[in-house]
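Chemist: To be precise about what I am sending: the file is called protein-v8.tsv and holds TSV, N, CA and C atoms and all ligand atoms.
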```tsv
chain	number	residue	atom	x	y	z
W	21	MET	N	37.90	16.12	-7.77
W	21	MET	CA	37.46	14.74	-7.61
W	21	MET	C	35.94	14.68	-7.57
W	22	VAL	N	35.40	13.72	-8.27
W	22	VAL	CA	33.94	13.58	-8.28
W	22	VAL	C	33.50	12.86	-7.02
W	23	GLN	N	32.50	13.44	-6.38
W	23	GLN	CA	32.00	12.83	-5.16
W	23	GLN	C	31.24	11.55	-5.49
W	24	PRO	N	31.52	10.46	-4.77
W	24	PRO	CA	30.75	9.24	-5.06
W	24	PRO	C	29.27	9.45	-4.71
W	25	MET	N	28.41	9.00	-5.60
W	25	MET	CA	26.97	9.17	-5.40
W	25	MET	C	26.32	7.81	-5.30
W	26	LYS	N	25.17	7.79	-4.67
W	26	LYS	CA	24.38	6.55	-4.70
W	26	LYS	C	22.94	6.90	-5.03
W	27	ARG	N	22.25	5.89	-5.54
W	27	ARG	CA	20.87	6.08	-5.96
W	27	ARG	C	19.95	5.57	-4.86
W	28	ILE	N	19.02	6.39	-4.44
W	28	ILE	CA	18.05	5.93	-3.44
W	28	ILE	C	16.64	6.29	-3.91
W	29	VAL	N	15.66	5.72	-3.23
W	29	VAL	CA	14.27	6.07	-3.52
W	29	VAL	C	13.75	6.85	-2.33
W	30	ARG	N	13.30	8.05	-2.58
W	30	ARG	CA	12.75	8.85	-1.49
W	30	ARG	C	11.43	9.44	-1.95
W	31	ASN	N	10.40	9.27	-1.13
W	31	ASN	CA	9.06	9.74	-1.48
W	31	ASN	C	8.64	9.25	-2.87
W	32	GLY	N	9.03	8.01	-3.18
W	32	GLY	CA	8.62	7.43	-4.46
W	32	GLY	C	9.44	7.89	-5.65
W	33	LYS	N	10.44	8.75	-5.42
W	33	LYS	CA	11.25	9.21	-6.54
W	33	LYS	C	12.66	8.67	-6.41
W	34	ARG	N	13.25	8.30	-7.54
W	34	ARG	CA	14.65	7.88	-7.52
W	34	ARG	C	15.51	9.13	-7.57
W	35	ILE	N	16.37	9.28	-6.62
W	35	ILE	CA	17.26	10.44	-6.65
W	35	ILE	C	18.69	10.00	-6.36
W	36	LEU	N	19.62	10.86	-6.70
W	36	LEU	CA	21.02	10.61	-6.42
W	36	LEU	C	21.43	11.45	-5.21
W	37	VAL	N	22.10	10.83	-4.26
W	37	VAL	CA	22.59	11.57	-3.11
W	37	VAL	C	24.06	11.20	-2.91
W	38	PRO	N	24.79	12.04	-2.19
W	38	PRO	CA	26.18	11.67	-1.89
W	38	PRO	C	26.22	10.33	-1.17
W	39	ALA	N	27.18	9.50	-1.51
W	39	ALA	CA	27.26	8.14	-0.95
W	39	ALA	C	27.39	8.15	0.56
W	40	THR	N	27.85	9.26	1.11
W	40	THR	CA	28.05	9.33	2.56
W	40	THR	C	26.75	9.64	3.30
W	41	GLU	N	25.73	10.08	2.56
W	41	GLU	CA	24.48	10.47	3.21
W	41	GLU	C	23.76	9.27	3.81
W	42	LYS	N	23.25	9.47	5.02
W	42	LYS	CA	22.49	8.39	5.67
W	42	LYS	C	21.13	8.26	4.99
W	43	VAL	N	20.77	7.03	4.70
W	43	VAL	CA	19.49	6.81	4.05
W	43	VAL	C	18.47	6.40	5.11
W	44	VAL	N	17.40	7.16	5.21
W	44	VAL	CA	16.41	6.85	6.23
W	44	VAL	C	15.38	5.84	5.75
W	45	ASP	N	15.19	5.75	4.42
W	45	ASP	CA	14.20	4.80	3.91
W	45	ASP	C	14.66	3.37	4.22
W	46	HIS	N	13.70	2.48	4.39
W	46	HIS	CA	14.06	1.09	4.57
W	46	HIS	C	14.42	0.53	3.21
W	47	LYS	N	15.66	0.16	3.08
W	47	LYS	CA	16.14	-0.28	1.77
W	47	LYS	C	15.38	-1.48	1.22
W	48	GLY	N	15.24	-2.51	2.05
W	48	GLY	CA	14.59	-3.74	1.59
W	48	GLY	C	13.17	-3.48	1.16
W	49	TYR	N	12.52	-2.63	1.90
W	49	TYR	CA	11.14	-2.29	1.59
W	49	TYR	C	11.03	-1.69	0.20
W	50	ASP	N	11.88	-0.73	-0.09
W	50	ASP	CA	11.85	-0.09	-1.41
W	50	ASP	C	12.21	-1.06	-2.51
W	51	LYS	N	13.19	-1.89	-2.23
W	51	LYS	CA	13.64	-2.83	-3.25
W	51	LYS	C	12.50	-3.77	-3.61
W	52	GLN	N	11.85	-4.29	-2.56
W	52	GLN	CA	10.77	-5.23	-2.80
W	52	GLN	C	9.63	-4.54	-3.53
W	53	ARG	N	9.38	-3.32	-3.16
W	53	ARG	CA	8.31	-2.55	-3.77
W	53	ARG	C	8.58	-2.38	-5.27
W	54	MET	N	9.79	-2.05	-5.61
W	54	MET	CA	10.15	-1.85	-7.01
W	54	MET	C	9.97	-3.15	-7.80
W	55	ARG	N	10.36	-4.23	-7.18
W	55	ARG	CA	10.29	-5.53	-7.85
W	55	ARG	C	8.84	-5.91	-8.14
W	56	ASN	N	7.99	-5.65	-7.19
W	56	ASN	CA	6.58	-6.04	-7.34
W	56	ASN	C	5.77	-5.02	-8.12
W	57	GLU	N	6.29	-3.85	-8.29
W	57	GLU	CA	5.49	-2.74	-8.73
W	57	GLU	C	4.67	-2.97	-10.01
W	58	PRO	N	5.27	-3.43	-11.12
W	58	PRO	CA	4.47	-3.56	-12.34
W	58	PRO	C	3.29	-4.50	-12.14
W	59	GLU	N	3.55	-5.59	-11.41
W	59	GLU	CA	2.48	-6.55	-11.15
W	59	GLU	C	1.41	-5.93	-10.26
W	60	ARG	N	1.84	-5.17	-9.29
W	60	ARG	CA	0.89	-4.54	-8.37
W	60	ARG	C	0.03	-3.51	-9.08
W	61	ILE	N	0.63	-2.76	-9.97
W	61	ILE	CA	-0.15	-1.76	-10.71
W	61	ILE	C	-1.19	-2.47	-11.57
W	62	ARG	N	-0.75	-3.56	-12.22
W	62	ARG	CA	-1.70	-4.33	-13.04
W	62	ARG	C	-2.83	-4.86	-12.18
W	63	PHE	N	-2.46	-5.36	-10.99
W	63	PHE	CA	-3.47	-5.93	-10.11
W	63	PHE	C	-4.52	-4.89	-9.72
W	64	TYR	N	-4.07	-3.68	-9.34
W	64	TYR	CA	-5.02	-2.66	-8.90
W	64	TYR	C	-5.94	-2.19	-10.03
W	65	LYS	N	-5.54	-2.45	-11.25
W	65	LYS	CA	-6.39	-2.08	-12.38
W	65	LYS	C	-7.26	-3.24	-12.85
W	66	SER	N	-7.03	-4.44	-12.27
W	66	SER	CA	-7.69	-5.63	-12.79
W	66	SER	C	-9.17	-5.68	-12.42
W	67	ALA	N	-9.95	-6.33	-13.25
W	67	ALA	CA	-11.38	-6.48	-13.00
W	67	ALA	C	-11.61	-7.29	-11.73
W	68	ARG	N	-10.71	-8.26	-11.46
W	68	ARG	CA	-10.87	-9.10	-10.26
W	68	ARG	C	-10.78	-8.27	-9.00
W	69	TRP	N	-9.82	-7.36	-8.96
W	69	TRP	CA	-9.67	-6.52	-7.78
W	69	TRP	C	-10.84	-5.54	-7.66
W	70	LYS	N	-11.25	-4.95	-8.77
W	70	LYS	CA	-12.36	-3.99	-8.72
W	70	LYS	C	-13.62	-4.67	-8.20
W	71	LYS	N	-13.81	-5.91	-8.61
W	71	LYS	CA	-14.97	-6.68	-8.16
W	71	LYS	C	-14.87	-6.98	-6.66
W	72	ALA	N	-13.71	-7.44	-6.22
W	72	ALA	CA	-13.50	-7.78	-4.80
W	72	ALA	C	-13.72	-6.55	-3.93
W	73	ARG	N	-13.23	-5.42	-4.42
W	73	ARG	CA	-13.31	-4.16	-3.70
W	73	ARG	C	-14.78	-3.71	-3.59
W	74	GLU	N	-15.48	-3.87	-4.70
W	74	GLU	CA	-16.88	-3.47	-4.74
W	74	GLU	C	-17.71	-4.33	-3.77
W	75	LEU	N	-17.46	-5.64	-3.80
W	75	LEU	CA	-18.20	-6.55	-2.92
W	75	LEU	C	-17.90	-6.24	-1.46
W	76	LYS	N	-16.66	-5.93	-1.17
W	76	LYS	CA	-16.27	-5.60	0.20
W	76	LYS	C	-17.00	-4.34	0.67
W	77	LEU	N	-17.07	-3.34	-0.17
W	77	LEU	CA	-17.74	-2.09	0.23
W	77	LEU	C	-19.24	-2.27	0.36
W	78	ILE	N	-19.79	-3.24	-0.39
W	78	ILE	CA	-21.22	-3.51	-0.25
W	78	ILE	C	-21.48	-4.22	1.08
W	79	SER	N	-20.63	-5.24	1.39
W	79	SER	CA	-20.87	-5.97	2.64
W	79	SER	C	-20.39	-5.18	3.86
W	80	ASN	N	-19.46	-4.28	3.67
W	80	ASN	CA	-18.91	-3.50	4.78
W	80	ASN	C	-18.79	-2.02	4.41
W	81	PRO	N	-19.90	-1.33	4.36
W	81	PRO	CA	-19.87	0.05	3.85
W	81	PRO	C	-19.27	1.07	4.81
W	82	LEU	N	-19.03	0.68	6.07
W	82	LEU	CA	-18.53	1.65	7.05
W	82	LEU	C	-17.05	1.41	7.35
W	83	CYS	N	-16.39	2.48	7.75
W	83	CYS	CA	-14.97	2.38	8.09
W	83	CYS	C	-14.78	1.42	9.26
W	84	GLU	N	-13.91	0.43	9.07
W	84	GLU	CA	-13.72	-0.58	10.11
W	84	GLU	C	-12.85	-0.09	11.26
W	85	GLN	N	-12.24	1.06	11.09
W	85	GLN	CA	-11.36	1.58	12.15
W	85	GLN	C	-12.08	2.59	13.04
W	86	CYS	N	-12.78	3.54	12.44
W	86	CYS	CA	-13.27	4.64	13.27
W	86	CYS	C	-14.79	4.75	13.33
W	87	SER	N	-15.50	3.97	12.53
W	87	SER	CA	-16.94	4.09	12.53
W	87	SER	C	-17.54	3.44	13.78
W	88	THR	N	-18.50	4.09	14.39
W	88	THR	CA	-19.22	3.51	15.53
W	88	THR	C	-20.71	3.63	15.24
W	89	PRO	N	-21.54	2.84	15.92
W	89	PRO	CA	-22.98	2.96	15.67
W	89	PRO	C	-23.51	4.38	15.90
W	90	ASP	N	-22.92	5.09	16.87
W	90	ASP	CA	-23.36	6.45	17.14
W	90	ASP	C	-22.83	7.46	16.15
W	91	ASP	N	-21.69	7.14	15.59
W	91	ASP	CA	-21.05	8.08	14.68
W	91	ASP	C	-20.52	7.34	13.45
W	92	PRO	N	-21.46	6.91	12.58
W	92	PRO	CA	-21.04	6.11	11.44
W	92	PRO	C	-20.19	6.92	10.45
W	93	VAL	N	-19.15	6.29	9.97
W	93	VAL	CA	-18.29	6.93	8.97
W	93	VAL	C	-18.25	6.02	7.75
W	94	LEU	N	-18.60	6.55	6.61
W	94	LEU	CA	-18.61	5.76	5.39
W	94	LEU	C	-17.19	5.41	4.95
W	95	ALA	N	-17.00	4.15	4.57
W	95	ALA	CA	-15.70	3.75	4.03
W	95	ALA	C	-15.61	4.24	2.60
W	96	GLU	N	-14.42	4.67	2.22
W	96	GLU	CA	-14.25	5.16	0.86
W	96	GLU	C	-13.30	4.32	0.05
W	97	MET	N	-12.62	3.41	0.74
W	97	MET	CA	-11.68	2.58	0.01
W	97	MET	C	-11.48	1.26	0.74
W	98	VAL	N	-10.90	0.30	0.04
W	98	VAL	CA	-10.64	-1.00	0.64
W	98	VAL	C	-9.13	-1.16	0.76
W	99	ASP	N	-8.72	-1.53	1.95
W	99	ASP	CA	-7.30	-1.62	2.26
W	99	ASP	C	-6.89	-3.07	2.46
W	100	HIS	N	-5.67	-3.39	2.08
W	100	HIS	CA	-5.11	-4.71	2.39
W	100	HIS	C	-4.47	-4.63	3.77
W	101	MET	N	-4.92	-5.47	4.68
W	101	MET	CA	-4.37	-5.40	6.04
W	101	MET	C	-2.89	-5.73	6.03
W	102	ILE	N	-2.50	-6.65	5.19
W	102	ILE	CA	-1.07	-6.91	5.01
W	102	ILE	C	-0.71	-6.32	3.66
W	103	GLU	N	0.28	-5.48	3.62
W	103	GLU	CA	0.65	-4.79	2.40
W	103	GLU	C	0.86	-5.77	1.24
W	104	THR	N	0.40	-5.40	0.06
W	104	THR	CA	0.55	-6.31	-1.08
W	104	THR	C	2.00	-6.37	-1.58
W	105	ASN	N	2.88	-5.58	-1.00
W	105	ASN	CA	4.29	-5.71	-1.39
W	105	ASN	C	5.05	-6.65	-0.47
W	106	THR	N	4.31	-7.41	0.33
W	106	THR	CA	4.95	-8.51	1.07
W	106	THR	C	4.41	-9.79	0.44
W	107	SER	N	5.15	-10.90	0.59
W	107	SER	CA	4.69	-12.09	-0.13
W	107	SER	C	3.37	-12.60	0.44
W	108	GLU	N	3.20	-12.51	1.76
W	108	GLU	CA	1.93	-12.97	2.32
W	108	GLU	C	0.77	-12.08	1.86
W	109	GLY	N	0.99	-10.78	1.91
W	109	GLY	CA	-0.04	-9.85	1.48
W	109	GLY	C	-0.41	-10.07	0.02
W	110	TRP	N	0.60	-10.36	-0.77
W	110	TRP	CA	0.37	-10.56	-2.20
W	110	TRP	C	-0.45	-11.82	-2.44
W	111	GLU	N	-0.10	-12.90	-1.73
W	111	GLU	CA	-0.84	-14.15	-1.91
W	111	GLU	C	-2.30	-13.99	-1.49
W	112	ARG	N	-2.54	-13.14	-0.51
W	112	ARG	CA	-3.90	-13.01	0.01
W	112	ARG	C	-4.60	-11.77	-0.52
W	113	ARG	N	-4.13	-11.25	-1.65
W	113	ARG	CA	-4.64	-9.96	-2.12
W	113	ARG	C	-6.13	-9.97	-2.46
W	114	LEU	N	-6.70	-11.17	-2.72
W	114	LEU	CA	-8.13	-11.22	-3.02
W	114	LEU	C	-8.91	-11.94	-1.92
W	115	ASP	N	-8.25	-12.17	-0.81
W	115	ASP	CA	-8.86	-12.87	0.31
W	115	ASP	C	-9.67	-11.86	1.14
W	116	GLU	N	-10.97	-12.08	1.19
W	116	GLU	CA	-11.82	-11.06	1.81
W	116	GLU	C	-11.49	-10.83	3.29
W	117	GLU	N	-11.02	-11.88	3.96
W	117	GLU	CA	-10.68	-11.76	5.37
W	117	GLU	C	-9.52	-10.82	5.61
W	118	HIS	N	-8.84	-10.56	4.58
W	118	HIS	CA	-7.60	-9.79	4.69
W	118	HIS	C	-7.82	-8.36	4.17
W	119	LEU	N	-9.06	-8.08	3.80
W	119	LEU	CA	-9.39	-6.73	3.34
W	119	LEU	C	-10.14	-5.98	4.43
W	120	GLN	N	-9.94	-4.68	4.50
W	120	GLN	CA	-10.76	-3.90	5.42
W	120	GLN	C	-11.23	-2.63	4.71
W	121	SER	N	-12.48	-2.26	5.02
W	121	SER	CA	-13.03	-1.02	4.48
W	121	SER	C	-12.54	0.12	5.35
W	122	LEU	N	-12.03	1.16	4.73
W	122	LEU	CA	-11.52	2.30	5.49
W	122	LEU	C	-12.00	3.62	4.88
W	123	CYS	N	-12.07	4.64	5.74
W	123	CYS	CA	-12.27	5.99	5.22
W	123	CYS	C	-10.88	6.54	4.85
W	124	TRP	N	-10.84	7.63	4.13
W	124	TRP	CA	-9.54	8.15	3.69
W	124	TRP	C	-8.67	8.53	4.86
W	125	SER	N	-9.30	9.11	5.86
W	125	SER	CA	-8.51	9.57	6.99
W	125	SER	C	-7.77	8.40	7.67
W	126	CYS	N	-8.47	7.29	7.89
W	126	CYS	CA	-7.81	6.13	8.50
W	126	CYS	C	-6.78	5.52	7.55
W	127	HIS	N	-7.09	5.50	6.28
W	127	HIS	CA	-6.15	4.96	5.32
W	127	HIS	C	-4.86	5.78	5.31
W	128	ASN	N	-5.00	7.09	5.33
W	128	ASN	CA	-3.81	7.96	5.32
W	128	ASN	C	-3.02	7.78	6.60
W	129	LYS	N	-3.73	7.64	7.71
W	129	LYS	CA	-3.03	7.41	8.98
W	129	LYS	C	-2.20	6.15	8.89
W	130	LYS	N	-2.80	5.10	8.33
W	130	LYS	CA	-2.09	3.83	8.22
W	130	LYS	C	-0.87	3.97	7.30
W	131	THR	N	-1.11	4.59	6.16
W	131	THR	CA	-0.06	4.70	5.16
W	131	THR	C	1.12	5.54	5.64
W	132	PHE	N	0.83	6.63	6.36
W	132	PHE	CA	1.91	7.53	6.72
W	132	PHE	C	2.47	7.30	8.12
W	133	SER	N	1.93	6.29	8.81
W	133	SER	CA	2.44	6.07	10.16
W	133	SER	C	3.57	5.05	10.16
W	134	LYS	N	4.02	4.60	8.98
W	134	LYS	CA	5.11	3.63	8.93
W	134	LYS	C	6.46	4.29	9.14
E	1	ZN	ZN	-11.99	5.78	9.45
```
Before anything else, please render the file you have as structure tokens.
Ligand SMILES: [Zn+2]
Modeler:
Amino acid sequence: MVQPMKRIVRNGKRILVPATEKVVDHKGYDKQRMRNEPERIRFYKSARWKKARELKLISNPLCEQCSTPDDPVLAEMVDHMIETNTSEGWERRLDEEHLQSLCWSCHNKKTFSK
């Protein structure tokens, strides 16, 4: 008898697992991510986003999480405070109030602490 399988997304890869296996990923999160993905990829490559990101780093060159006047840390990237795979985050994707300058270390902490 063939074991029933189901398709899940784990670490960004679609894989097949036995249907009885417990899925630890948040299903809705992945589903929404997949739905938005092509648009999101286009957005991150768009001139509008590159411009917004550049302006943010010019006005806020230091990491907003860990930089202090005594120990300044340069920001290396601009993060969306609300993930762009949520509808609110997506609507505000170019809203400067919703962007924060981060260093890689803080960005990774944010990304992997979910
Ligand atoms: Zn930082």
Chemist: Select, counting only C-alpha atoms, all protein, DNA and RNA residues no farther than 8 Å from (-14.8, 9.5, 7.6) in file coordinates, and express the selection as a list in words.
Modeler: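 Using only C-alpha atoms, the matching residues come out as Cys83, Cys86, Ser87, Val93, Leu94, Ala95, Cys123, Trp124, Ser125 and Cys126 of chain W.
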Chemist: Measuring between only N, CA and C atoms, which one of W:Val37, W:Ala67, W:Leu75, W:Leu122 shows the shortest distance to Val98 in chain W?
Modeler: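 Closest candidate: W:Leu122.
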Chemist: Once DSSP has gone over the backbone, tell me which residues of chain W are in alpha helix (DSSP H), as a PyMOL selection string.
Modeler: chain W and resi 47-65+67-79+107-111+124-132
Chemist: Would you list the residues near (23.3, 6.8, -4.5) (no more than 8 Å away, in the coordinates of the file, using all atoms listed in the file) as an NGL selection string?
Modeler: :W and (24-29 or 35-40)
Chemist: Closest to ligand ZN 1 (chain E) among W:Glu84, W:Glu57, W:Glu74, W:Glu108, using only N, CA and C atoms and all ligand atoms?
Modeler: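 The shortest atom-to-atom distance to ligand ZN 1 (chain E) comes from W:Glu84.
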Chemist: To one decimal place, how far is atom C of Lys71 in chain W from CA of Gly32 in chain W in Å?
Modeler: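 A separation of 27.6 Å between them.
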Chemist: Out of W:Ser133, W:Asn128, W:Gln85, W:Gln120, which residue has the shortest atom-to-atom distance to ligand ZN 1 (chain E) when counting all atoms listed in the file?
Modeler: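 The answer is W:Gln85, which sits nearest to ligand ZN 1 (chain E).
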Chemist: With distances taken over only N, CA and C atoms and all ligand atoms, which of W:Leu82, W:Leu119, W:Leu77, W:Ile102 is nearest to ligand ZN 1 (chain E)?
Modeler: W:Leu82
Chemist: Would you kindly return, as a list in words, each protein, DNA or RNA residue with an atom no farther than 8 Å from any atom of Arg60 in chain W, considering only N, CA and C atoms and excluding same-chain residues fewer than 6 positions away?
Modeler: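 Once the nearby chain positions are removed, what remains is Ser66, Thr104 and Asn105 of chain W.
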Chemist: Atom N of Asp99 in chain W and atom C of Arg73 in chain W, how far apart in Å?
Modeler: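 These two atoms are separated by 8.5 Å.
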Chemist: Per DSSP on the backbone, what are the strand (DSSP E or B) residues of chain W, as a list in words?
Modeler: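 For chain W, the strand (DSSP E or B) set is Met25, Lys26, Arg27, Ile28, Val29, Arg30, Lys33, Arg34, Ile35, Leu36, Val37, Pro38, Leu82, Leu94, Met97, Val98, Asp99, His100, Leu119, Gln120, Ser121 and Leu122 of chain W.
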Chemist: Assuming the input is short of atoms at range 110-126 of chain W, produce N, CA, C and O atoms for that part as a JSON list (two decimals), in the frame of the given file.
Modeler:
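Produced file out05.json, reproduced below:
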```json
[["chain", "number", "residue", "atom", "x", "y", "z"],
["W", 110, "TRP", "N", 0.60, -10.36, -0.77],
["W", 110, "TRP", "CA", 0.37, -10.56, -2.20],
["W", 110, "TRP", "C", -0.45, -11.82, -2.44],
["W", 110, "TRP", "O", -1.41, -11.82, -3.21],
["W", 111, "GLU", "N", -0.10, -12.90, -1.73],
["W", 111, "GLU", "CA", -0.84, -14.15, -1.91],
["W", 111, "GLU", "C", -2.30, -13.99, -1.49],
["W", 111, "GLU", "O", -3.18, -14.63, -2.06],
["W", 112, "ARG", "N", -2.54, -13.14, -0.51],
["W", 112, "ARG", "CA", -3.90, -13.01, 0.01],
["W", 112, "ARG", "C", -4.60, -11.77, -0.52],
["W", 112, "ARG", "O", -5.57, -11.31, 0.05],
["W", 113, "ARG", "N", -4.13, -11.25, -1.65],
["W", 113, "ARG", "CA", -4.64, -9.96, -2.12],
["W", 113, "ARG", "C", -6.13, -9.97, -2.46],
["W", 113, "ARG", "O", -6.76, -8.93, -2.48],
["W", 114, "LEU", "N", -6.70, -11.17, -2.72],
["W", 114, "LEU", "CA", -8.13, -11.22, -3.02],
["W", 114, "LEU", "C", -8.91, -11.94, -1.92],
["W", 114, "LEU", "O", -10.08, -12.26, -2.07],
["W", 115, "ASP", "N", -8.25, -12.17, -0.81],
["W", 115, "ASP", "CA", -8.86, -12.87, 0.31],
["W", 115, "ASP", "C", -9.67, -11.86, 1.14],
["W", 115, "ASP", "O", -9.12, -10.93, 1.71],
["W", 116, "GLU", "N", -10.97, -12.08, 1.19],
["W", 116, "GLU", "CA", -11.82, -11.06, 1.81],
["W", 116, "GLU", "C", -11.49, -10.83, 3.29],
["W", 116, "GLU", "O", -11.63, -9.74, 3.80],
["W", 117, "GLU", "N", -11.02, -11.88, 3.96],
["W", 117, "GLU", "CA", -10.68, -11.76, 5.37],
["W", 117, "GLU", "C", -9.52, -10.82, 5.61],
["W", 117, "GLU", "O", -9.25, -10.39, 6.72],
["W", 118, "HIS", "N", -8.84, -10.56, 4.58],
["W", 118, "HIS", "CA", -7.60, -9.79, 4.69],
["W", 118, "HIS", "C", -7.82, -8.36, 4.17],
["W", 118, "HIS", "O", -6.91, -7.54, 4.14],
["W", 119, "LEU", "N", -9.06, -8.08, 3.80],
["W", 119, "LEU", "CA", -9.39, -6.73, 3.34],
["W", 119, "LEU", "C", -10.14, -5.98, 4.43],
["W", 119, "LEU", "O", -10.88, -6.58, 5.21],
["W", 120, "GLN", "N", -9.94, -4.68, 4.50],
["W", 120, "GLN", "CA", -10.76, -3.90, 5.42],
["W", 120, "GLN", "C", -11.23, -2.63, 4.71],
["W", 120, "GLN", "O", -10.50, -2.02, 3.94],
["W", 121, "SER", "N", -12.48, -2.26, 5.02],
["W", 121, "SER", "CA", -13.03, -1.02, 4.48],
["W", 121, "SER", "C", -12.54, 0.12, 5.35],
["W", 121, "SER", "O", -12.61, 0.04, 6.57],
["W", 122, "LEU", "N", -12.03, 1.16, 4.73],
["W", 122, "LEU", "CA", -11.52, 2.30, 5.49],
["W", 122, "LEU", "C", -12.00, 3.62, 4.88],
["W", 122, "LEU", "O", -12.26, 3.70, 3.69],
["W", 123, "CYS", "N", -12.07, 4.64, 5.74],
["W", 123, "CYS", "CA", -12.27, 5.99, 5.22],
["W", 123, "CYS", "C", -10.88, 6.54, 4.85],
["W", 123, "CYS", "O", -9.87, 5.97, 5.23],
["W", 124, "TRP", "N", -10.84, 7.63, 4.13],
["W", 124, "TRP", "CA", -9.54, 8.15, 3.69],
["W", 124, "TRP", "C", -8.67, 8.53, 4.86],
["W", 124, "TRP", "O", -7.46, 8.33, 4.85],
["W", 125, "SER", "N", -9.30, 9.11, 5.86],
["W", 125, "SER", "CA", -8.51, 9.57, 6.99],
["W", 125, "SER", "C", -7.77, 8.40, 7.67],
["W", 125, "SER", "O", -6.59, 8.49, 7.97],
["W", 126, "CYS", "N", -8.47, 7.29, 7.89],
["W", 126, "CYS", "CA", -7.81, 6.13, 8.50],
["W", 126, "CYS", "C", -6.78, 5.52, 7.55],
["W", 126, "CYS", "O", -5.73, 5.06, 7.98]]
```
